[in-house]
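**Student:** Okay, handing you the structure first.
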Amino acid sequence: MMVNCCGLLTASKEPVPLKSIEVEVEVRDHVATVVSTLNYENKEDKPIEAVFVFPLPGDAAVCHFSAKIGQKEIVAEVKEKQKAREEYDDALSSGQQAFLLEESEQSPDIFSLSVGSLPPGESASISLEYVTELAVQADDGLRFCLPAVLNPRYQPQGSEGSEVAIVKVTSVPASLVPYSLSFSARVSSPRPVSKVESSCSLDPLQYLNTEQTQATVKLAAGHKFDRDVELLIYYKDAHQPTAVVEAGQASAKPGTLMGDPVVMLSLYPEFPQAVMSSVAPCGEFVLLLDRSGSMSGACMESAKDTLLLLLKSLPMGCYFNIYSFGSSHEHIFPKSVEYSQETMEEALKKVGEMTANLGGTEILRPLKDIYSQPCIPNQPRQLFVFTDGEVGNTKEVINLVKRNSGSHRCFSFGIGEGASSALINGLAKEGGGHAQFITGTDRMQPKVMQSLRFALQPAVADISVKWDVPKGVAVTVLSPPITALFQGQRSLIYAQLTVKSHLISRIFRAAEGCVTVKYSLAGHPSKSQLNFSLKPAEDTGLTVHRLAARTLIRSLEMEETRRTRQQNEGVKKKVVEHSVQSGVSSVFTAFIAVNKGTGKAIQGPLVRRNVPTGLRECALFDDNMSYYNSGITVIRPAQPPRDPFLQLVSLQKASGCWERDPALAAALGKTSEEVENTKPSGVNQEVWATFLALIWLHGSKMEAQDEWELLAMKAASWLRAQNAPYATECVEAGNALLGFNVQKDALGL
């Protein structure tokens, strides 16, 4: 049993040399620069080596690492990983101080920081900096996440990389994390900052100017490390296409990535509404649910409620199946079946019986099973993956999705604190879909329904990007080709602009460029265009270059996993060259700093101290342990009565209608007699029940419209197909019964 120890000790009562973490964030529009300072102190009577394994965003570009001992600062260099490790080991063996920062070989969202030879009584401050893009959310907010929770990752037996040394994660319950966190953010944008929200406690937002385009926010004191630090930033008129050109580094060679200007384009395609509405929704919807032990409790119940909404919102004529996984995997049907009342009811019955009782998080096998099934003609496959992301073979999983990206789109959902951003974002990126994270008190349902709306959009095909730039400018696109476009969602493109030296001053002073994205939407040719100035922006430093370098490095790393050993060596060499030149970390490089000026060698054997990270409550049900077969009884509180909204949704038929039923009357807060006695004469029972359900949704659940909008559209479509008379009378009678004033037009009739 774990006991709460006094002072800075681990659960096994070892001293922890990490005392505090200070984080400062600078958000400019949709890009964040993060500087973290980790303060160490050795209070033991012998020299120590402190090892801290911690999470970072999976798409972060780590671009600076330094150590300060007393008044001396040592700035780390990026070197090939094995050379950096050897240099670190050599320094320690010769009594020197050394500092090593490296990315995990299994997952790019885990880093290991080694602080070597910290003598008794000495302090050191470690500073690391990274830049990252902020993801667009369902409600148009931009999401920044500072991962503060690192749950153990499940490594399946026999998976790729299982022969590679696994990074050891030391985790303790959040209440026992023995160091403090301070966090502040400065937000600036050309557009006003509307608000900043968080699932963590924040001090009030402070505006820095009357236009409200600059603001600061701080994390309230006493963060418990039971959740990631998440900010949702809202700008007015957020979805505007933008282009930022950044001048090259003066000290870098022209013609190289860091020496040339780089442009970052943010595009928000708007699809023609006439085309969107002309396409009948269809598809094969494959839902893959994590039922590992760490999904137990509220995570599992929320996922089951979400599957209910999803199944009720699917269009008639589509196909579907549900898989679930842990150490083993199951499916409801041997292969995808046509959506009907019978198949929907059978699926919902099985979903209702599901628990988080399948052990570890082995996602690779069910994915292989899904991909082995032949696709159904004229029914595009849409894969929805729900997981808390606690896997150790992240790269292997993402590679499998990429290999099958031509046959489906993948929509991923990271559930709970500490979900791997590398896995969730990687699945969606390589699968041409969209990623969502559900943390804190977030409701899963609106985010999942937004992804269903994306999945129901016609697939965009034949995407091409055309550049129109002045003569003498060569464009090298650094981003991988765009494989998916969604209405109103951002697409980012990075490109290097190489200019002949005698033309630089003339071209970049006044010239303009234009980029055109052409694509086919349901067979209709469409395009989005953005004109931009080639004049470099001021005060961006090298942020755009580092993000571009990170994008190029990640693309090359993905290539490396699909080539022959000889080809891989060539790819690895390119990655190392780009990483060293740009100062951005990669899987093949590491940051190394050695304090060579200490004079006297540090004496005595080093004692290793592992610094723990926080761990979310659900993760105490370790995926690697079988609680369900061990004789341990897990007692959970009794379930509260079902929400009337979910009760109403559960009663809808696959066709979109409701039947008059005592359970429907109860969900509406009425008796069966009240419902029957107020029905206009001559009106069909199903028509009346469907009108009542729609009026109730519009009258009492408008704040949750994102969750029920699709199933309401299906209900309205069913009503139109009935050519039912008395619609006006039904709306008036329904409003009178339920106490609302919903207009007939609002129902979509």
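Each chain of the structure tokens is named A, B, ... in the order shown, its residues numbered from 1; ligands are numbered from 1 in display order.
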Counting only C-alpha atoms, what is within 8 Å of Trp696 in chain A, bar same-chain residues fewer than 4 positions away, as a list in words?

**Tutor:**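 Once the nearby chain positions are removed, what remains is Leu668, Leu692, Ser700, Lys701, Leu738 and Phe740 of chain A.
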
**Student:** For the residues selected in the previous step, produce a file with N, CA and C atoms as a PDB file, in the first residue's frame.

**Tutor:**
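out-v3.pdb, freshly written:
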ATOM      1  N   LEU A 668     -40.124  12.528 -21.306  1.00  0.00           N
ATOM      2  CA  LEU A 668     -40.646  13.882 -21.539  1.00  0.00           C
ATOM      3  C   LEU A 668     -41.186  14.514 -20.253  1.00  0.00           C
ATOM      4  N   LEU A 692     -43.134  15.217 -30.718  1.00  0.00           N
ATOM      5  CA  LEU A 692     -42.901  15.521 -29.298  1.00  0.00           C
ATOM      6  C   LEU A 692     -41.411  15.436 -28.948  1.00  0.00           C
ATOM      7  N   SER A 700     -35.595  22.031 -24.657  1.00  0.00           N
ATOM      8  CA  SER A 700     -34.903  21.878 -23.364  1.00  0.00           C
ATOM      9  C   SER A 700     -33.431  21.502 -23.481  1.00  0.00           C
ATOM     10  N   LYS A 701     -32.951  21.195 -24.692  1.00  0.00           N
ATOM     11  CA  LYS A 701     -31.566  20.733 -24.805  1.00  0.00           C
ATOM     12  C   LYS A 701     -30.782  21.476 -25.884  1.00  0.00           C
ATOM     13  N   LEU A 738     -45.762  20.415 -23.597  1.00  0.00           N
ATOM     14  CA  LEU A 738     -44.424  20.429 -22.991  1.00  0.00           C
ATOM     15  C   LEU A 738     -44.012  21.787 -22.428  1.00  0.00           C
ATOM     16  N   PHE A 740     -43.285  24.660 -24.196  1.00  0.00           N
ATOM     17  CA  PHE A 740     -42.259  25.341 -24.981  1.00  0.00           C
ATOM     18  C   PHE A 740     -42.913  26.214 -26.045  1.00  0.00           C
TER      19      PHE A 740
END

**Student:** Quick one: everything within 10 Å of Glu577 in chain A, counting only C-alpha atoms, minus sequence neighbours fewer than 4 positions away in the same chain. Send it as a list in words.

**Tutor:** Lys79, Glu80, Ile553, Val571, Lys572, Lys573, Gln581, Ser582, Gly583 and Thr589 of chain A

**Student:** Go ahead and save the picked residues with N, CA, C and O atoms, as a compact mmCIF listing (two decimals), in the first residue's frame.

**Tutor:**
# COMPACT_ATOMS: atom_id res chain seq x y z
N LYS A 79 23.26 16.34 -31.15
CA LYS A 79 24.21 15.42 -31.78
C LYS A 79 23.52 14.09 -32.05
O LYS A 79 22.45 13.80 -31.49
N GLU A 80 24.11 13.30 -32.92
CA GLU A 80 23.58 11.96 -33.17
C GLU A 80 23.45 11.24 -31.82
O GLU A 80 24.30 11.37 -30.95
N ILE A 553 11.29 16.53 -40.39
CA ILE A 553 11.92 15.44 -39.65
C ILE A 553 10.92 14.32 -39.38
O ILE A 553 11.21 13.14 -39.58
N VAL A 571 17.97 7.63 -44.90
CA VAL A 571 16.95 8.47 -44.27
C VAL A 571 17.44 8.96 -42.91
O VAL A 571 17.30 10.15 -42.56
N LYS A 572 18.03 8.06 -42.13
CA LYS A 572 18.55 8.43 -40.80
C LYS A 572 19.60 9.54 -40.93
O LYS A 572 19.60 10.50 -40.14
N LYS A 573 20.47 9.42 -41.94
CA LYS A 573 21.50 10.44 -42.15
C LYS A 573 20.87 11.81 -42.43
O LYS A 573 21.30 12.83 -41.89
N GLN A 581 21.32 20.74 -37.90
CA GLN A 581 21.34 22.07 -38.49
C GLN A 581 20.27 22.99 -37.89
O GLN A 581 20.52 24.17 -37.62
N SER A 582 19.07 22.44 -37.65
CA SER A 582 17.97 23.27 -37.15
C SER A 582 17.95 23.39 -35.63
O SER A 582 17.28 24.26 -35.08
N GLY A 583 18.68 22.48 -34.95
CA GLY A 583 18.64 22.48 -33.48
C GLY A 583 17.33 21.94 -32.94
O GLY A 583 16.94 22.23 -31.80
N THR A 589 18.57 11.77 -32.65
CA THR A 589 19.51 12.74 -32.06
C THR A 589 19.14 13.00 -30.60
O THR A 589 18.07 12.59 -30.14

**Student:** May I ask which of the residues A:His239, A:Lys43, A:His545, A:Lys304 is the closest one to Leu18 in chain A, counting only C-alpha atoms?

**Tutor:**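 Closest to Leu18 in chain A of all the choices is A:Lys43.
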
**Student:** Expressed in Å to a single decimal, how great is the separation between CA of Leu309 in chain A and CA of Ser336 in chain A?

**Tutor:**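 Result for CA of Leu309 in chain A versus CA of Ser336 in chain A: 18.6 Å, one decimal.
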
**Student:** Write down as JSON, numbers by chain the residues of range 324-512 of chain A whose backbone DSSP state falls under strand (DSSP E).

**Tutor:** {"A": [324, 325, 329, 330, 331, 337, 338, 381, 382, 383, 384, 385, 386, 387, 408, 409, 410, 411, 412, 413, 414, 415, 435, 436, 437, 438, 460, 461, 462, 463, 464, 465, 466, 467, 468, 473, 474, 475, 476, 477, 491, 492, 493, 494, 495, 496, 497, 498, 499, 512]}

**Student:** Just to be explicit: take each residue in the selection above, keep C-alpha atoms, and write the result as a PDB file, in the first residue's frame.

**Tutor:**
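Saved result, again16.pdb, follows:
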ATOM      1  CA  SER A 324     -13.457  -3.702 -28.619  1.00  0.00           C
ATOM      2  CA  PHE A 325      -9.989  -4.523 -27.393  1.00  0.00           C
ATOM      3  CA  HIS A 329     -10.242  -8.243 -28.963  1.00  0.00           C
ATOM      4  CA  GLU A 330     -13.898  -8.897 -29.811  1.00  0.00           C
ATOM      5  CA  HIS A 331     -16.386  -7.832 -32.465  1.00  0.00           C
ATOM      6  CA  VAL A 337     -23.690  -5.303 -41.410  1.00  0.00           C
ATOM      7  CA  GLU A 338     -26.301  -3.035 -42.934  1.00  0.00           C
ATOM      8  CA  ARG A 381     -14.789   3.069 -44.591  1.00  0.00           C
ATOM      9  CA  GLN A 382     -14.676   5.404 -41.565  1.00  0.00           C
ATOM     10  CA  LEU A 383     -12.779   4.123 -38.520  1.00  0.00           C
ATOM     11  CA  PHE A 384     -13.477   5.651 -35.078  1.00  0.00           C
ATOM     12  CA  VAL A 385     -10.877   4.763 -32.400  1.00  0.00           C
ATOM     13  CA  PHE A 386     -11.627   5.423 -28.705  1.00  0.00           C
ATOM     14  CA  THR A 387      -8.662   4.886 -26.364  1.00  0.00           C
ATOM     15  CA  HIS A 408     -10.299   4.418 -45.033  1.00  0.00           C
ATOM     16  CA  ARG A 409     -10.339   7.564 -42.899  1.00  0.00           C
ATOM     17  CA  CYS A 410      -9.393   7.304 -39.213  1.00  0.00           C
ATOM     18  CA  PHE A 411     -10.948   9.505 -36.491  1.00  0.00           C
ATOM     19  CA  SER A 412      -9.276   9.201 -33.094  1.00  0.00           C
ATOM     20  CA  PHE A 413     -10.320  10.134 -29.557  1.00  0.00           C
ATOM     21  CA  GLY A 414      -7.902  10.410 -26.619  1.00  0.00           C
ATOM     22  CA  ILE A 415      -9.841   9.730 -23.423  1.00  0.00           C
ATOM     23  CA  ALA A 435      -8.192  13.904 -33.671  1.00  0.00           C
ATOM     24  CA  GLN A 436     -10.026  14.910 -30.480  1.00  0.00           C
ATOM     25  CA  PHE A 437      -9.011  14.856 -26.802  1.00  0.00           C
ATOM     26  CA  ILE A 438     -11.502  14.430 -23.950  1.00  0.00           C
ATOM     27  CA  VAL A 460     -12.147  15.125 -50.911  1.00  0.00           C
ATOM     28  CA  ALA A 461     -10.079  13.657 -53.763  1.00  0.00           C
ATOM     29  CA  ASP A 462      -7.358  14.780 -56.195  1.00  0.00           C
ATOM     30  CA  ILE A 463      -5.865  17.380 -53.832  1.00  0.00           C
ATOM     31  CA  SER A 464      -3.121  19.478 -55.436  1.00  0.00           C
ATOM     32  CA  VAL A 465      -1.249  22.611 -54.346  1.00  0.00           C
ATOM     33  CA  LYS A 466      -0.091  25.169 -56.922  1.00  0.00           C
ATOM     34  CA  TRP A 467       2.361  27.977 -56.074  1.00  0.00           C
ATOM     35  CA  ASP A 468       2.504  31.250 -57.972  1.00  0.00           C
ATOM     36  CA  VAL A 473      11.955  32.194 -56.293  1.00  0.00           C
ATOM     37  CA  ALA A 474      11.977  28.389 -55.950  1.00  0.00           C
ATOM     38  CA  VAL A 475       9.461  26.719 -53.615  1.00  0.00           C
ATOM     39  CA  THR A 476      10.338  23.498 -51.756  1.00  0.00           C
ATOM     40  CA  VAL A 477       7.317  22.125 -49.880  1.00  0.00           C
ATOM     41  CA  SER A 491      -4.673  22.700 -43.014  1.00  0.00           C
ATOM     42  CA  LEU A 492      -1.041  23.755 -42.513  1.00  0.00           C
ATOM     43  CA  ILE A 493       1.609  23.914 -45.226  1.00  0.00           C
ATOM     44  CA  TYR A 494       5.293  24.744 -44.670  1.00  0.00           C
ATOM     45  CA  ALA A 495       7.562  25.627 -47.594  1.00  0.00           C
ATOM     46  CA  GLN A 496      11.138  26.818 -48.078  1.00  0.00           C
ATOM     47  CA  LEU A 497      11.624  29.817 -50.389  1.00  0.00           C
ATOM     48  CA  THR A 498      14.990  29.820 -52.147  1.00  0.00           C
ATOM     49  CA  VAL A 499      15.929  33.057 -53.929  1.00  0.00           C
ATOM     50  CA  GLU A 512       3.533  38.823 -53.398  1.00  0.00           C
TER      51      GLU A 512
END

**Student:** Report as a list in words all protein, DNA and RNA residues lying within 7 Å of Asp706 in chain A, evaluated on only C-alpha atoms, omitting residues in the same chain fewer than 3 positions from it.

**Tutor:**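 The neighbour list is Pro446, Met449 and Glu709 of chain A.
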
**Student:** Export, as a compact mmCIF listing (two decimals), in the first residue's frame, the selected residues with N, CA, C and O atoms.

**Tutor:**
# COMPACT_ATOMS: atom_id res chain seq x y z
N PRO A 446 -20.16 15.73 -27.72
CA PRO A 446 -20.11 16.75 -28.78
C PRO A 446 -18.88 16.63 -29.67
O PRO A 446 -18.95 16.89 -30.87
N MET A 449 -19.49 13.68 -32.05
CA MET A 449 -20.48 14.00 -33.07
C MET A 449 -19.92 14.96 -34.13
O MET A 449 -20.30 14.90 -35.29
N GLU A 709 -28.02 16.89 -33.04
CA GLU A 709 -28.39 17.51 -34.30
C GLU A 709 -28.57 16.48 -35.43
O GLU A 709 -29.53 16.54 -36.20

**Student:** DSSP on the backbone: which residues in range 207-385 of chain A end up as helix (DSSP H, G or I)? Give the answer as a VMD selection string.

**Tutor:** chain A and resid 273 to 278 293 to 295 298 to 313 341 to 352 364 to 372

**Student:** Could you check the closest approach to Gly432 in chain A for each of A:Gly392, A:Gly472, A:Pro272, A:Pro480 and tell me which residue wins, using only C-alpha atoms?

**Tutor:**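 Between A:Gly392, A:Gly472, A:Pro272, A:Pro480, the residue approaching Gly432 in chain A most closely is A:Pro480.
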
**Student:** Could you tell me how far CA of Asn684 in chain A sits from CA of Asn723 in chain A, in Å to one decimal place?

**Tutor:**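 Computed distance, CA of Asn723 in chain A to CA of Asn684 in chain A, equals 11.4 Å.
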
**Student:** Could you list, as number ranges by chain, every residue within 12 Å of Ser184 in chain A, counting only C-alpha atoms and ignoring same-chain residues fewer than 2 positions away?

**Tutor:** A: 21-27, 33-36, 146, 181-182, 186-187, 202-206, 215-221, 229-231

**Student:** Give me the residues within 10 Å of Lys335 in chain A as a VMD selection string, counting only C-alpha atoms and dropping any in the same chain fewer than 6 places off.

**Tutor:** chain A and resid 286 319 to 322 370 373 to 374

**Student:** Hey, can you spit out that residue selection with C-alpha atoms as an mmCIF file, in the first residue's frame?

**Tutor:**
data_model
loop_
_atom_site.group_PDB
_atom_site.id
_atom_site.type_symbol
_atom_site.label_atom_id
_atom_site.label_comp_id
_atom_site.auth_asym_id
_atom_site.auth_seq_id
_atom_site.Cartn_x
_atom_site.Cartn_y
_atom_site.Cartn_z
ATOM 1 C CA VAL A 286 -16.204 0.776 -37.810
ATOM 2 C CA TYR A 319 -22.967 -0.374 -42.789
ATOM 3 C CA PHE A 320 -21.349 -0.652 -39.353
ATOM 4 C CA ASN A 321 -19.550 -2.863 -36.830
ATOM 5 C CA ILE A 322 -18.136 -2.439 -33.328
ATOM 6 C CA ILE A 370 -10.323 -4.632 -39.393
ATOM 7 C CA GLN A 373 -11.898 -7.256 -44.049
ATOM 8 C CA PRO A 374 -12.709 -6.278 -47.662
#

**Student:** Can you tell me which residues surround range 483-488 of chain A at a distance of at most 7 Å, considering only C-alpha atoms, apart from same-chain residues fewer than 5 positions away, and format the answer as a PyMOL selection string?

**Tutor:** chain A and resi 268-271+432-433+454+460

**Student:** Find, counting only C-alpha atoms, the residue in A:Ser655, A:Ala715, A:Asn393, A:Cys730 that gets nearest to Val675 in chain A.

**Tutor:**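 Of all the options, A:Cys730 lies closest to Val675 in chain A.
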
**Student:** CA of Val262 in chain A and CA of Arg546 in chain A, how far apart in Å?

**Tutor:**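 Atom-to-atom, CA of Arg546 in chain A and CA of Val262 in chain A are spaced 9.8 Å apart.
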
**Student:** Smallest atom-to-atom distance to Leu232 in chain A: which of A:Thr306, A:Ser189, A:Ser526, A:Ser194, using only C-alpha atoms?

**Tutor:**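 Answer, going by the shortest atom-to-atom distance: A:Ser194.
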
**Student:** Range 129-132 of chain A: which residues within 8 Å, counting only C-alpha atoms, same-chain residues fewer than 2 positions away excluded, as a CSV table (one decimal) with all heavy atoms, in the first residue's frame?

**Tutor:**
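This went into result29.csv:
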chain,number,residue,atom,x,y,z
A,31,VAL,N,0.2,29.4,-32.6
A,31,VAL,CA,1.5,28.8,-32.4
A,31,VAL,C,2.0,29.1,-30.9
A,31,VAL,O,1.9,30.3,-30.5
A,31,VAL,CB,2.6,29.2,-33.4
A,31,VAL,CG1,4.0,28.7,-33.0
A,31,VAL,CG2,2.3,28.7,-34.8
A,32,ALA,N,2.5,28.1,-30.2
A,32,ALA,CA,2.9,28.4,-28.8
A,32,ALA,C,4.4,28.1,-28.7
A,32,ALA,O,4.9,27.1,-29.2
A,32,ALA,CB,2.1,27.5,-27.8
A,33,THR,N,5.1,29.0,-28.0
A,33,THR,CA,6.5,28.7,-27.6
A,33,THR,C,6.5,28.5,-26.1
A,33,THR,O,6.0,29.3,-25.3
A,33,THR,CB,7.4,29.9,-28.0
A,33,THR,OG1,7.3,30.2,-29.4
A,33,THR,CG2,8.8,29.7,-27.6
A,34,VAL,N,7.1,27.4,-25.7
A,34,VAL,CA,7.0,27.0,-24.3
A,34,VAL,C,8.4,26.9,-23.7
A,34,VAL,O,9.3,26.2,-24.3
A,34,VAL,CB,6.3,25.6,-24.1
A,34,VAL,CG1,6.1,25.2,-22.6
A,34,VAL,CG2,4.9,25.6,-24.8
A,35,VAL,N,8.7,27.6,-22.6
A,35,VAL,CA,9.9,27.5,-21.9
A,35,VAL,C,9.7,26.9,-20.5
A,35,VAL,O,9.0,27.5,-19.7
A,35,VAL,CB,10.6,28.8,-21.8
A,35,VAL,CG1,12.0,28.7,-21.0
A,35,VAL,CG2,10.9,29.5,-23.2
A,36,SER,N,10.3,25.7,-20.3
A,36,SER,CA,10.1,25.0,-19.0
A,36,SER,C,11.5,25.1,-18.2
A,36,SER,O,12.5,24.7,-18.8
A,36,SER,CB,9.7,23.6,-19.1
A,36,SER,OG,8.4,23.5,-19.7
A,57,PRO,N,4.0,17.3,-25.8
A,57,PRO,CA,3.1,17.1,-27.0
A,57,PRO,C,3.9,16.4,-28.1
A,57,PRO,O,5.0,16.6,-28.3
A,57,PRO,CB,2.8,18.6,-27.4
A,57,PRO,CG,3.0,19.4,-26.2
A,57,PRO,CD,4.2,18.8,-25.4
A,59,ASP,N,3.8,16.5,-31.2
A,59,ASP,CA,4.2,17.2,-32.4
A,59,ASP,C,5.1,18.4,-32.0
A,59,ASP,O,5.3,19.3,-32.8
A,59,ASP,CB,3.0,17.7,-33.2
A,59,ASP,CG,2.0,18.5,-32.4
A,59,ASP,OD1,2.3,18.7,-31.2
A,59,ASP,OD2,1.0,18.9,-32.9
A,60,ALA,N,5.6,18.5,-30.8
A,60,ALA,CA,6.4,19.6,-30.3
A,60,ALA,C,7.8,19.5,-31.0
A,60,ALA,O,8.4,18.5,-31.2
A,60,ALA,CB,6.6,19.6,-28.8
A,61,ALA,N,8.3,20.7,-31.3
A,61,ALA,CA,9.7,20.9,-31.8
A,61,ALA,C,10.6,21.4,-30.7
A,61,ALA,O,10.6,22.6,-30.4
A,61,ALA,CB,9.7,21.8,-33.0
A,62,VAL,N,11.3,20.4,-30.0
A,62,VAL,CA,12.2,20.8,-28.9
A,62,VAL,C,13.4,21.5,-29.6
A,62,VAL,O,14.1,20.8,-30.4
A,62,VAL,CB,12.6,19.6,-28.1
A,62,VAL,CG1,13.5,20.0,-27.0
A,62,VAL,CG2,11.3,19.0,-27.5
A,63,CYS,N,13.7,22.7,-29.2
A,63,CYS,CA,14.7,23.5,-30.0
A,63,CYS,C,15.7,24.1,-29.1
A,63,CYS,O,16.6,24.8,-29.6
A,63,CYS,CB,14.0,24.6,-30.8
A,63,CYS,SG,12.9,25.6,-29.9
A,64,HIS,N,15.7,24.0,-27.7
A,64,HIS,CA,16.7,24.6,-26.9
A,64,HIS,C,16.7,23.8,-25.6
A,64,HIS,O,15.7,23.4,-25.0
A,64,HIS,CB,16.4,26.0,-26.6
A,64,HIS,CG,17.4,26.7,-25.6
A,64,HIS,ND1,18.6,27.2,-26.1
A,64,HIS,CD2,17.4,26.8,-24.3
A,64,HIS,CE1,19.3,27.7,-25.0
A,64,HIS,NE2,18.5,27.4,-23.9
A,65,PHE,N,18.0,23.6,-25.1
A,65,PHE,CA,18.2,22.9,-23.8
A,65,PHE,C,19.5,23.4,-23.2
A,65,PHE,O,20.5,23.5,-23.8
A,65,PHE,CB,18.3,21.4,-24.1
A,65,PHE,CG,18.6,20.5,-22.9
A,65,PHE,CD1,17.8,20.6,-21.8
A,65,PHE,CD2,19.7,19.6,-22.9
A,65,PHE,CE1,18.1,19.8,-20.7
A,65,PHE,CE2,20.0,18.8,-21.8
A,65,PHE,CZ,19.2,18.9,-20.7
A,127,SER,N,16.8,24.2,-18.4
A,127,SER,CA,15.8,25.0,-19.2
A,127,SER,C,15.6,24.2,-20.5
A,127,SER,O,16.6,23.9,-21.2
A,127,SER,CB,16.2,26.4,-19.4
A,127,SER,OG,15.3,27.1,-20.2
A,134,LEU,N,-1.3,24.9,-32.2
A,134,LEU,CA,-2.5,24.6,-31.4
A,134,LEU,C,-3.6,24.0,-32.3
A,134,LEU,O,-3.8,24.6,-33.4
A,134,LEU,CB,-3.0,25.9,-30.7
A,134,LEU,CG,-1.9,26.6,-29.9
A,134,LEU,CD1,-2.6,27.8,-29.1
A,134,LEU,CD2,-1.2,25.7,-28.9
A,543,THR,N,10.7,30.6,-35.0
A,543,THR,CA,9.6,29.7,-34.7
A,543,THR,C,9.1,28.9,-35.9
A,543,THR,O,9.0,27.7,-35.9
A,543,THR,CB,8.5,30.5,-34.1
A,543,THR,OG1,8.9,31.1,-32.9
A,543,THR,CG2,7.3,29.6,-33.8
A,546,ARG,N,11.6,26.3,-37.1
A,546,ARG,CA,11.7,25.1,-36.2
A,546,ARG,C,10.5,24.2,-36.4
A,546,ARG,O,10.6,23.0,-36.4
A,546,ARG,CB,11.8,25.6,-34.8
A,546,ARG,CG,13.2,26.1,-34.5
A,546,ARG,CD,13.3,26.9,-33.2
A,546,ARG,NE,14.6,27.3,-32.9
A,546,ARG,CZ,15.0,28.3,-32.1
A,546,ARG,NH1,14.0,29.0,-31.5
A,546,ARG,NH2,16.2,28.6,-31.9
A,547,LEU,N,9.3,24.8,-36.6
A,547,LEU,CA,8.1,24.0,-36.9
A,547,LEU,C,8.2,23.3,-38.2
A,547,LEU,O,7.8,22.1,-38.4
A,547,LEU,CB,6.8,24.9,-36.8
A,547,LEU,CG,6.4,25.3,-35.4
A,547,LEU,CD1,5.3,26.4,-35.6
A,547,LEU,CD2,5.9,24.2,-34.6
